[in-house]
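Chemist: data_23.csv is the file, holding CSV, C-alpha atoms (C1' of nucleotides):
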```
chain,number,residue,atom,x,y,z
A,1,MET,CA,127.2,86.0,108.5
A,2,THR,CA,129.9,85.7,111.1
A,3,LYS,CA,129.6,83.9,114.3
A,4,ARG,CA,129.6,87.3,116.2
A,5,GLU,CA,126.8,88.6,114.1
A,6,ARG,CA,124.9,85.5,114.7
A,7,LEU,CA,125.3,85.7,118.5
A,8,PHE,CA,124.1,89.3,118.3
A,9,ALA,CA,121.1,88.3,116.3
A,10,ILE,CA,120.3,85.6,118.8
A,11,LYS,CA,120.4,88.1,121.7
A,12,GLU,CA,118.0,90.3,119.8
A,13,ILE,CA,115.6,87.4,119.0
A,14,VAL,CA,115.7,85.9,122.5
A,15,ALA,CA,115.1,89.3,124.0
A,16,GLY,CA,111.9,89.4,122.0
A,17,GLY,CA,110.6,86.7,124.3
A,18,GLU,CA,109.0,84.4,121.8
A,19,ILE,CA,111.5,81.6,121.7
A,20,ASP,CA,110.6,78.3,123.3
A,21,SER,CA,113.1,76.0,121.7
A,22,GLN,CA,116.4,76.0,119.9
A,23,ASP,CA,114.6,74.8,116.8
A,24,ALA,CA,112.2,77.8,117.0
A,25,LEU,CA,115.3,80.0,117.2
A,26,ARG,CA,116.8,78.2,114.2
A,27,ARG,CA,113.8,79.0,112.1
A,28,GLU,CA,113.8,82.6,113.2
A,29,LEU,CA,117.5,82.9,112.2
A,30,ARG,CA,116.8,81.4,108.9
A,31,LYS,CA,114.3,84.1,108.2
A,32,ARG,CA,117.2,86.5,108.7
A,33,GLY,CA,119.4,84.6,106.3
A,34,CYS,CA,121.3,82.6,108.8
A,35,GLU,CA,121.3,78.8,108.5
A,36,VAL,CA,122.8,76.8,111.3
A,37,THR,CA,122.0,73.6,113.0
A,38,GLN,CA,120.5,73.1,116.4
A,39,ALA,CA,123.9,71.8,117.7
A,40,THR,CA,125.5,75.2,116.9
A,41,LEU,CA,122.7,77.0,118.7
A,42,SER,CA,123.1,74.8,121.7
A,43,ARG,CA,126.7,76.0,121.9
A,44,ASP,CA,125.8,79.6,121.2
A,45,MET,CA,123.2,79.6,124.0
A,46,ALA,CA,125.9,78.4,126.4
A,47,GLU,CA,128.2,81.1,125.2
A,48,LEU,CA,125.6,83.8,125.7
A,49,GLY,CA,124.6,82.5,129.1
A,50,VAL,CA,121.0,82.3,128.0
A,51,VAL,CA,118.6,80.9,130.6
A,52,ARG,CA,115.6,78.7,130.1
A,53,ILE,CA,112.6,79.4,132.3
A,54,THR,CA,110.0,76.7,132.6
A,55,SER,CA,106.5,77.3,133.8
A,56,HIS,CA,103.1,75.7,133.4
A,57,ASP,CA,102.5,77.1,130.0
A,58,GLY,CA,105.8,75.7,128.6
A,59,GLY,CA,109.3,77.0,128.6
A,60,ARG,CA,110.9,80.3,127.4
A,61,TYR,CA,114.4,81.4,126.7
A,62,ALA,CA,115.5,84.7,128.2
A,63,LEU,CA,118.7,86.7,128.5
A,64,GLN,CA,120.3,86.9,131.9
A,65,PRO,CA,119.5,90.2,133.8
A,66,ALA,CA,123.0,91.6,133.0
A,67,GLY,CA,122.5,91.3,129.3
A,68,GLU,CA,122.8,94.9,128.2
A,69,VAL,CA,126.1,94.2,126.5
A,70,LYS,CA,125.1,96.0,123.3
A,71,ALA,CA,124.5,99.3,125.2
A,72,LEU,CA,127.7,98.8,127.1
A,73,ARG,CA,130.2,98.2,124.3
A,74,PRO,CA,130.7,101.8,123.0
A,75,LEU,CA,131.3,103.0,126.6
A,76,VAL,CA,133.7,100.3,127.4
A,77,ASN,CA,136.0,101.2,124.5
A,78,ALA,CA,136.4,104.7,125.9
A,79,GLU,CA,137.0,103.6,129.4
A,80,VAL,CA,139.8,101.2,129.0
A,81,LEU,CA,143.3,102.7,129.1
A,82,ALA,CA,145.6,99.8,129.1
A,83,ILE,CA,145.8,96.1,129.4
A,84,ASP,CA,148.8,94.4,131.0
A,85,ALA,CA,149.7,91.1,132.5
A,86,ASN,CA,152.2,89.0,134.4
A,87,GLU,CA,152.4,85.2,134.2
A,88,SER,CA,149.3,84.6,136.2
A,89,MET,CA,146.9,87.5,136.0
A,90,ILE,CA,145.8,90.4,133.9
A,91,VAL,CA,145.4,94.0,134.9
A,92,VAL,CA,143.1,96.3,133.0
A,93,ARG,CA,143.5,100.1,133.8
A,94,THR,CA,140.4,102.2,133.3
A,95,LEU,CA,139.2,105.7,133.8
A,96,PRO,CA,138.4,106.4,137.5
A,97,GLY,CA,135.3,104.6,138.7
A,98,CYS,CA,135.0,102.6,135.5
A,99,ALA,CA,136.6,99.3,136.5
A,100,ASN,CA,133.3,97.8,137.7
A,101,THR,CA,131.5,98.5,134.4
A,102,VAL,CA,134.3,96.9,132.4
A,103,GLY,CA,134.4,94.0,134.7
A,104,GLU,CA,130.7,93.3,134.2
A,105,PHE,CA,131.2,93.6,130.5
A,106,ILE,CA,133.8,90.9,130.7
A,107,ASP,CA,131.7,88.8,133.1
A,108,VAL,CA,128.8,88.6,130.7
A,109,GLU,CA,130.9,87.3,127.9
A,110,LYS,CA,131.6,84.2,130.0
A,111,HIS,CA,134.9,83.4,128.4
A,112,PRO,CA,135.7,79.8,129.3
A,113,ASP,CA,139.2,80.6,130.4
A,114,VAL,CA,138.4,83.5,132.6
A,115,ILE,CA,137.4,82.3,136.0
A,116,GLY,CA,136.5,85.7,137.3
A,117,THR,CA,137.2,89.4,137.6
A,118,VAL,CA,137.7,91.7,140.6
A,119,ALA,CA,137.1,95.4,140.1
A,120,GLY,CA,138.6,98.2,142.2
A,121,ASP,CA,138.0,101.8,141.2
A,122,ASN,CA,140.2,102.2,138.2
A,123,THR,CA,141.9,98.8,138.1
A,124,LEU,CA,140.4,95.5,137.1
A,125,LEU,CA,142.0,92.2,137.8
A,126,VAL,CA,141.2,89.4,135.4
A,127,ILE,CA,141.9,85.8,136.5
A,128,PRO,CA,142.7,83.2,133.9
A,129,ARG,CA,141.8,79.6,134.3
A,130,SER,CA,145.5,78.7,134.1
A,131,GLN,CA,148.7,80.5,133.7
A,132,LYS,CA,149.1,79.0,130.2
A,133,LYS,CA,146.0,80.9,129.1
A,134,THR,CA,147.1,84.3,130.2
A,135,ARG,CA,148.6,85.5,127.0
A,136,GLN,CA,145.6,84.2,125.0
A,137,ILE,CA,143.2,86.0,127.2
A,138,VAL,CA,145.2,89.2,126.9
A,139,ASN,CA,144.8,89.0,123.2
A,140,TYR,CA,141.1,88.3,123.6
A,141,LEU,CA,140.7,91.3,125.9
A,142,LYS,CA,142.6,93.7,123.7
A,143,HIS,CA,140.5,92.6,120.8
A,144,LYS,CA,137.3,92.9,122.8
A,145,LEU,CA,138.0,96.0,124.8
A,146,ILE,CA,140.2,98.1,122.7
A,147,GLU,CA,139.6,97.3,119.1
A,148,GLY,CA,136.0,97.0,120.0
A,149,GLN,CA,134.9,93.7,118.7
B,1,MET,CA,106.9,63.7,152.7
B,2,THR,CA,104.2,66.0,151.3
B,3,LYS,CA,104.4,67.8,148.1
B,4,ARG,CA,104.8,71.1,149.9
B,5,GLU,CA,107.8,69.7,151.9
B,6,ARG,CA,109.3,68.4,148.7
B,7,LEU,CA,109.1,71.8,147.0
B,8,PHE,CA,110.7,73.4,149.9
B,9,ALA,CA,113.5,70.8,149.8
B,10,ILE,CA,114.0,71.4,146.1
B,11,LYS,CA,114.4,75.1,146.7
B,12,GLU,CA,117.1,74.5,149.3
B,13,ILE,CA,118.9,72.0,147.2
B,14,VAL,CA,118.8,74.1,144.0
B,15,ALA,CA,119.9,77.2,146.0
B,16,GLY,CA,123.0,75.2,146.8
B,17,GLY,CA,124.0,75.5,143.2
B,18,GLU,CA,125.2,72.0,142.5
B,19,ILE,CA,122.3,70.7,140.5
B,20,ASP,CA,122.8,70.2,136.8
B,21,SER,CA,120.0,67.8,136.0
B,22,GLN,CA,116.6,66.7,137.3
B,23,ASP,CA,118.1,63.3,137.8
B,24,ALA,CA,120.8,64.8,140.1
B,25,LEU,CA,118.1,66.5,142.0
B,26,ARG,CA,116.2,63.2,142.2
B,27,ARG,CA,119.3,61.5,143.8
B,28,GLU,CA,119.7,64.4,146.2
B,29,LEU,CA,116.1,64.1,147.3
B,30,ARG,CA,116.5,60.4,147.8
B,31,LYS,CA,119.3,61.1,150.3
B,32,ARG,CA,116.8,63.1,152.2
B,33,GLY,CA,114.2,60.3,152.1
B,34,CYS,CA,112.1,61.5,149.2
B,35,GLU,CA,111.6,59.2,146.3
B,36,VAL,CA,110.0,60.7,143.2
B,37,THR,CA,110.4,60.3,139.5
B,38,GLN,CA,112.0,62.7,137.1
B,39,ALA,CA,108.6,63.4,135.6
B,40,THR,CA,107.4,64.8,138.9
B,41,LEU,CA,110.5,66.9,139.3
B,42,SER,CA,109.9,68.3,135.8
B,43,ARG,CA,106.5,69.5,137.0
B,44,ASP,CA,107.9,70.8,140.3
B,45,MET,CA,110.5,72.8,138.5
B,46,ALA,CA,107.9,74.5,136.4
B,47,GLU,CA,105.8,75.2,139.5
B,48,LEU,CA,108.8,76.8,141.3
B,49,GLY,CA,109.8,78.8,138.2
B,50,VAL,CA,113.3,77.4,138.4
B,51,VAL,CA,115.6,78.5,135.6
B,52,ARG,CA,118.3,76.5,133.9
B,53,ILE,CA,121.4,78.4,133.1
B,54,THR,CA,123.7,77.0,130.5
B,55,SER,CA,127.3,78.0,130.2
B,56,HIS,CA,130.6,76.6,129.0
B,57,ASP,CA,131.1,74.3,132.0
B,58,GLY,CA,127.7,72.7,131.6
B,59,GLY,CA,124.3,73.8,132.8
B,60,ARG,CA,122.9,74.3,136.3
B,61,TYR,CA,119.6,75.1,137.9
B,62,ALA,CA,119.0,78.2,139.8
B,63,LEU,CA,116.2,80.0,141.6
B,64,GLN,CA,114.7,83.1,140.0
B,65,PRO,CA,116.6,86.1,141.3
B,66,ALA,CA,113.6,88.1,142.2
B,67,GLY,CA,111.5,86.0,144.5
B,68,GLU,CA,112.8,83.2,146.6
B,69,VAL,CA,116.5,83.9,146.6
B,70,LYS,CA,116.0,87.0,148.7
B,71,ALA,CA,114.3,85.0,151.4
B,72,LEU,CA,117.4,82.8,151.7
B,73,ARG,CA,119.9,85.7,151.7
B,74,PRO,CA,120.9,85.3,155.3
B,75,LEU,CA,122.6,82.0,154.4
B,76,VAL,CA,126.0,82.6,153.0
B,77,ASN,CA,125.8,79.4,150.9
B,78,ALA,CA,122.9,80.8,148.9
B,79,GLU,CA,125.1,83.7,147.9
B,80,VAL,CA,127.9,81.7,146.7
B,81,LEU,CA,127.6,80.6,143.1
B,82,ALA,CA,130.9,79.0,142.4
B,83,ILE,CA,134.4,78.4,143.7
B,84,ASP,CA,137.2,78.1,141.2
B,85,ALA,CA,140.9,78.4,141.1
B,86,ASN,CA,144.0,78.4,139.0
B,87,GLU,CA,147.4,77.4,140.3
B,88,SER,CA,147.9,80.4,142.6
B,89,MET,CA,144.6,81.9,143.6
B,90,ILE,CA,141.0,81.2,144.3
B,91,VAL,CA,138.0,83.0,142.9
B,92,VAL,CA,134.6,82.8,144.6
B,93,ARG,CA,131.6,84.0,142.5
B,94,THR,CA,128.6,85.3,144.3
B,95,LEU,CA,125.3,86.9,143.7
B,96,PRO,CA,125.6,90.5,142.8
B,97,GLY,CA,126.7,92.7,145.7
B,98,CYS,CA,127.5,89.7,147.9
B,99,ALA,CA,131.2,89.3,147.6
B,100,ASN,CA,131.9,91.6,150.5
B,101,THR,CA,129.7,89.7,152.9
B,102,VAL,CA,131.2,86.4,151.9
B,103,GLY,CA,134.7,87.9,152.2
B,104,GLU,CA,134.1,89.0,155.7
B,105,PHE,CA,132.7,85.6,156.5
B,106,ILE,CA,136.0,84.1,155.4
B,107,ASP,CA,138.1,86.7,157.1
B,108,VAL,CA,136.6,86.0,160.5
B,109,GLU,CA,137.4,82.4,160.1
B,110,LYS,CA,141.1,83.4,160.1
B,111,HIS,CA,142.3,80.3,158.3
B,112,PRO,CA,146.1,80.1,158.8
B,113,ASP,CA,146.7,79.4,155.0
B,114,VAL,CA,144.5,82.3,153.8
B,115,ILE,CA,146.6,85.5,153.6
B,116,GLY,CA,143.6,87.7,152.8
B,117,THR,CA,140.6,88.3,150.5
B,118,VAL,CA,139.7,91.0,148.0
B,119,ALA,CA,136.1,91.6,147.3
B,120,GLY,CA,134.6,93.1,144.2
B,121,ASP,CA,130.9,93.2,143.6
B,122,ASN,CA,130.1,89.6,142.7
B,123,THR,CA,133.6,88.2,142.8
B,124,LEU,CA,135.9,87.5,145.7
B,125,LEU,CA,139.6,86.7,145.4
B,126,VAL,CA,141.1,84.5,148.1
B,127,ILE,CA,144.9,84.6,148.4
B,128,PRO,CA,146.5,81.4,149.7
B,129,ARG,CA,149.7,81.6,151.8
B,130,SER,CA,151.4,79.5,149.2
B,131,GLN,CA,150.5,77.9,145.9
B,132,LYS,CA,150.8,74.5,147.4
B,133,LYS,CA,147.9,75.3,149.7
B,134,THR,CA,145.5,76.3,146.9
B,135,ARG,CA,143.8,73.0,146.4
B,136,GLN,CA,143.4,72.5,150.1
B,137,ILE,CA,141.8,75.9,150.6
B,138,VAL,CA,139.5,75.3,147.7
B,139,ASN,CA,138.2,72.2,149.5
B,140,TYR,CA,137.9,74.1,152.7
B,141,LEU,CA,135.9,76.8,151.1
B,142,LYS,CA,133.6,74.5,149.2
B,143,HIS,CA,133.0,72.7,152.5
B,144,LYS,CA,132.4,75.9,154.3
B,145,LEU,CA,130.5,78.0,151.8
B,146,ILE,CA,128.6,75.5,149.7
B,147,GLU,CA,127.9,72.5,151.8
B,148,GLY,CA,127.4,74.8,154.7
B,149,GLN,CA,130.0,73.5,157.2
C,1,DA,C1',78.1,54.1,150.2
C,2,DT,C1',78.4,56.0,145.6
C,3,DT,C1',79.5,59.2,142.3
C,4,DG,C1',82.0,63.1,140.8
C,5,DT,C1',85.7,66.4,140.9
C,6,DG,C1',90.2,67.8,141.2
C,7,DC,C1',95.0,67.0,142.4
C,8,DT,C1',99.1,64.2,142.3
C,9,DT,C1',101.9,60.8,140.5
C,10,DG,C1',104.3,57.1,137.6
C,11,DC,C1',105.0,55.0,133.3
C,12,DA,C1',106.0,55.2,128.7
C,13,DT,C1',107.3,58.0,125.2
C,14,DA,C1',107.8,62.2,122.6
C,15,DA,C1',110.2,66.5,122.4
C,16,DT,C1',114.2,69.0,123.1
C,17,DA,C1',119.1,69.9,124.2
C,18,DA,C1',123.9,68.5,124.7
C,19,DT,C1',128.1,66.4,123.0
C,20,DA,C1',131.8,63.1,120.8
C,21,DC,C1',133.8,63.1,116.8
C,22,DA,C1',135.5,64.4,112.4
C,23,DA,C1',135.9,67.8,108.8
C,24,DA,C1',136.5,72.4,107.4
C,25,DA,C1',137.8,77.0,108.3
C,26,DT,C1',140.7,80.2,110.5
C,27,DC,C1',144.5,81.9,112.9
C,28,DT,C1',149.8,81.6,114.3
C,29,DT,C1',154.3,81.2,113.8
C,30,DG,C1',158.5,80.3,111.7
D,1,DC,C1',153.9,80.3,102.3
D,2,DA,C1',153.7,75.9,104.9
D,3,DA,C1',153.0,73.4,109.2
D,4,DG,C1',150.7,73.3,113.1
D,5,DA,C1',147.4,74.9,116.3
D,6,DT,C1',142.9,76.5,117.4
D,7,DT,C1',138.2,77.4,116.5
D,8,DT,C1',133.9,76.5,114.4
D,9,DT,C1',130.5,73.6,112.6
D,10,DG,C1',127.6,69.6,111.1
D,11,DT,C1',126.3,64.8,111.7
D,12,DA,C1',124.9,61.4,114.4
D,13,DT,C1',124.0,60.1,118.8
D,14,DT,C1',123.3,60.4,123.6
D,15,DA,C1',121.3,62.7,127.5
D,16,DT,C1',117.8,65.3,129.4
D,17,DT,C1',113.3,67.2,129.9
D,18,DA,C1',108.2,67.5,129.0
D,19,DT,C1',103.8,65.4,128.6
D,20,DG,C1',99.5,62.2,127.3
D,21,DC,C1',97.3,59.1,129.7
D,22,DA,C1',95.5,56.4,133.3
D,23,DA,C1',95.6,55.1,138.1
D,24,DG,C1',95.4,56.4,143.0
D,25,DC,C1',93.9,59.4,146.4
D,26,DA,C1',91.2,62.8,149.1
D,27,DC,C1',87.2,65.0,149.8
D,28,DA,C1',82.4,66.9,148.9
D,29,DA,C1',77.8,66.4,147.7
D,30,DT,C1',74.3,63.6,146.9
```
Using C-alpha cells, write down the structure that the file contains.
Modeler:
Amino acid sequence: MTKRERLFAIKEIVAGGEIDSQDALRRELRKRGCEVTQATLSRDMAELGVVRITSHDGGRYALQPAGEVKALRPLVNAEVLAIDANESMIVVRTLPGCANTVGEFIDVEKHPDVIGTVAGDNTLLVIPRSQKKTRQIVNYLKHKLIEGQ
Amino acid sequence: MTKRERLFAIKEIVAGGEIDSQDALRRELRKRGCEVTQATLSRDMAELGVVRITSHDGGRYALQPAGEVKALRPLVNAEVLAIDANESMIVVRTLPGCANTVGEFIDVEKHPDVIGTVAGDNTLLVIPRSQKKTRQIVNYLKHKLIEGQ
DNA sequence: ATTGTGCTTGCATAATAATACAAAATCTTG
DNA sequence: CAAGATTTTGTATTATTATGCAAGCACAAT
C-alpha cells in the first residue's frame, strides 16, 4: 500500500467518525492490511489537516470542513489548462470561473512549501515558501493537477 | 477571576490564533492575571469545544467554525489565520470569504510601503514596494492584524 | 450548625501525540 | 548506472493532553 493510498484510507476512516486516537486509527488500518506505526500516523494527520475535537465524552478526530477532496479531483483535472511559473510564483490557467475550485483543491493539500493561493476567475496564483522551491512545486502541481495523482 | 470570565478570555486568546499548546494558553492567561493549571485548561477546552488543528508547521487551537467565531466576526483579527511571506510578497490567510474585508482594512491604512493588495476568498496577497521592505511589512501586519494594534 | 450535594480545582499520573535521529526507500541528474 | 538528494518510515524519546482522586467551596435542606 502506497502512502497515497494510506492517506486516502485515513480520510475514509476518519470521516466515519469513530476514531478517538491515533492508535485506534492504526488498528483500523491494520484491518485493511496496512501496518504502520503511530509516528507515521501523527505525520499523516498533519498532512491531511485533520482536526481533533475534544468534548466531555472524550475526543474525536474529524476532517476539516473543506475535505471533499475525493469528489473534487476528477473535476480538477478537466479544469486545469496550463501551469507556468517565473522565479517566484506559479500561475495556473483554468477554464473560466474555475480558478477558485482549483485553489481550494490545492489549499486542502496543505503542501508545506506552498504558503498560499489567490484565485481570480480563470487564473490562479500559487505562492511558494521560497523562490528555491518554485520548480519543485511546479512539478508537484503538474503531478497533482494534470496527471491526476 | 471567575470560571466564566476565564472561559471568555480563553475564547479571545484562542481566536487570536497563536496558541499551540495548553501550556502556552496558561502563560497567556497568567499575563492577564489568571493562574490555573494545565489540567483545568484541558477541561475548559472540552467545555468550549475547541479544536486542535495539526499541520506541517505544528498544531494550533481554534474555535469551532459554526458557533462562537461568528460572534467575533466584527474583529478583523479573528478573521486572520496566518501571515506568511517569501522573499518578495506576503500572504495573509483568513477565514473563508474574509480576504476581501481584511484587504480593504489594509488598503485604508495606506501604508507607504504597501503597493497594493489582491484578495481571493480566504487568501490575501500584499505587495511590498520593494523586497527589502517585506520583513518590515510582515511585522507591521502581524502587529495590526493579529495583536490588534 | 451539620450534613449532603454538586461544582471546581490541583496534584499526580496515565494516556496520547509529536519529533530527533538514523536507516531504508525513492527519485534526480549527470 | 552511480552519486547524491529527497522522502518516507520506525525506534526511542520527549512533549502534550486527559483523568482518577481527594480537597475546597458554595449553597440548600434539615
Chemist: Give the answer as one residue: which of A:Thr37, A:Met1, A:Gly116, A:Lys11 has the shortest atom-to-atom distance to chain D, using only C-alpha atoms (C1' of nucleotides)?
Modeler: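 For chain D, the nearest of the given residues is A:Thr37.
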Chemist: With all atoms listed in the file counted and 9 Å as the cut-off, give the residues of chain C in contact with chain A, each with its shortest interatomic distance in Å and the pair that gives it, as a tab-separated table.
Modeler:
```
residue	atom	partner	partner_atom	distance
C:DT16	C1'	A:Ser21	CA	7.2
C:DA17	C1'	A:Ser42	CA	6.8
C:DA18	C1'	A:Ser42	CA	7.0
C:DT19	C1'	A:Ala39	CA	8.7
```
Chemist: Could you take the residues named above and write them with C-alpha atoms (C1' of nucleotides), as a PDB file, keeping the file's coordinate frame?
Modeler:
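Contents of the output file again_37.pdb:
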```
ATOM      1  C1'  DT C  16     114.200  69.000 123.100  1.00  0.00           C
ATOM      2  C1'  DA C  17     119.100  69.900 124.200  1.00  0.00           C
ATOM      3  C1'  DA C  18     123.900  68.500 124.700  1.00  0.00           C
ATOM      4  C1'  DT C  19     128.100  66.400 123.000  1.00  0.00           C
TER       5       DT C  19
END
```
Chemist: For chain B, which residue out of A:Val91, A:Leu141, A:Val51, A:Ile127 is the nearest one, using only C-alpha atoms?
Modeler: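 Smallest distance to chain B is found for A:Val51.
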Chemist: Dump as a PyMOL selection string the residues of chain A that approach chain B to within 9 Å, counting only C-alpha atoms.
Modeler: chain A and resi 43+45-59+64+88+100+110-112+115-120+127-131
Chemist: With 12 Å as the limit and counting all atoms listed in the file, what residues in chain D lie close to chain B? Please list them as a VMD selection string.
Modeler: chain D and resid 15 to 19
Chemist: For CA of Val114 (chain B) and CA of Lys133 (chain B), quote the distance in Å rounded to one decimal.
Modeler: 8.8 Å
Chemist: Need to verify the contact set: region 20-23 of chain D, 12 Å, all atoms listed in the file, exclusion of same-chain residues closer than 3 positions in sequence. Can you return it as a PyMOL selection string?
Modeler: chain C and resi 8-14
Chemist: Select, counting all atoms listed in the file, all protein, DNA and RNA residues no farther than 12 Å from (140.2, 71.3, 109.0) in file coordinates, and express the selection as number ranges by chain.
Modeler: C: 22-26; D: 4-9
Chemist: Please produce a file of those selected residues containing C-alpha atoms (C1' of nucleotides), as a compact mmCIF listing (two decimals), in the coordinates of the input.
Modeler:
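Output contents, as saved in part25.txt:
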```
# COMPACT_ATOMS: atom_id res chain seq x y z
C1' DA C 22 135.50 64.40 112.40
C1' DA C 23 135.90 67.80 108.80
C1' DA C 24 136.50 72.40 107.40
C1' DA C 25 137.80 77.00 108.30
C1' DT C 26 140.70 80.20 110.50
C1' DG D 4 150.70 73.30 113.10
C1' DA D 5 147.40 74.90 116.30
C1' DT D 6 142.90 76.50 117.40
C1' DT D 7 138.20 77.40 116.50
C1' DT D 8 133.90 76.50 114.40
C1' DT D 9 130.50 73.60 112.60
```
Chemist: Counting all atoms listed in the file, find residues at most 12 Å from (119.7, 86.5, 117.5) (file frame) and give them as number ranges by chain.
Modeler: A: 1, 3-19, 22, 24-36, 41, 44-45, 48, 50, 61-63
Chemist: Quick one: pull the distance between CA of Leu95 (chain B) and CA of Glu79 (chain B), Å, one decimal.
Modeler: 5.3 Å
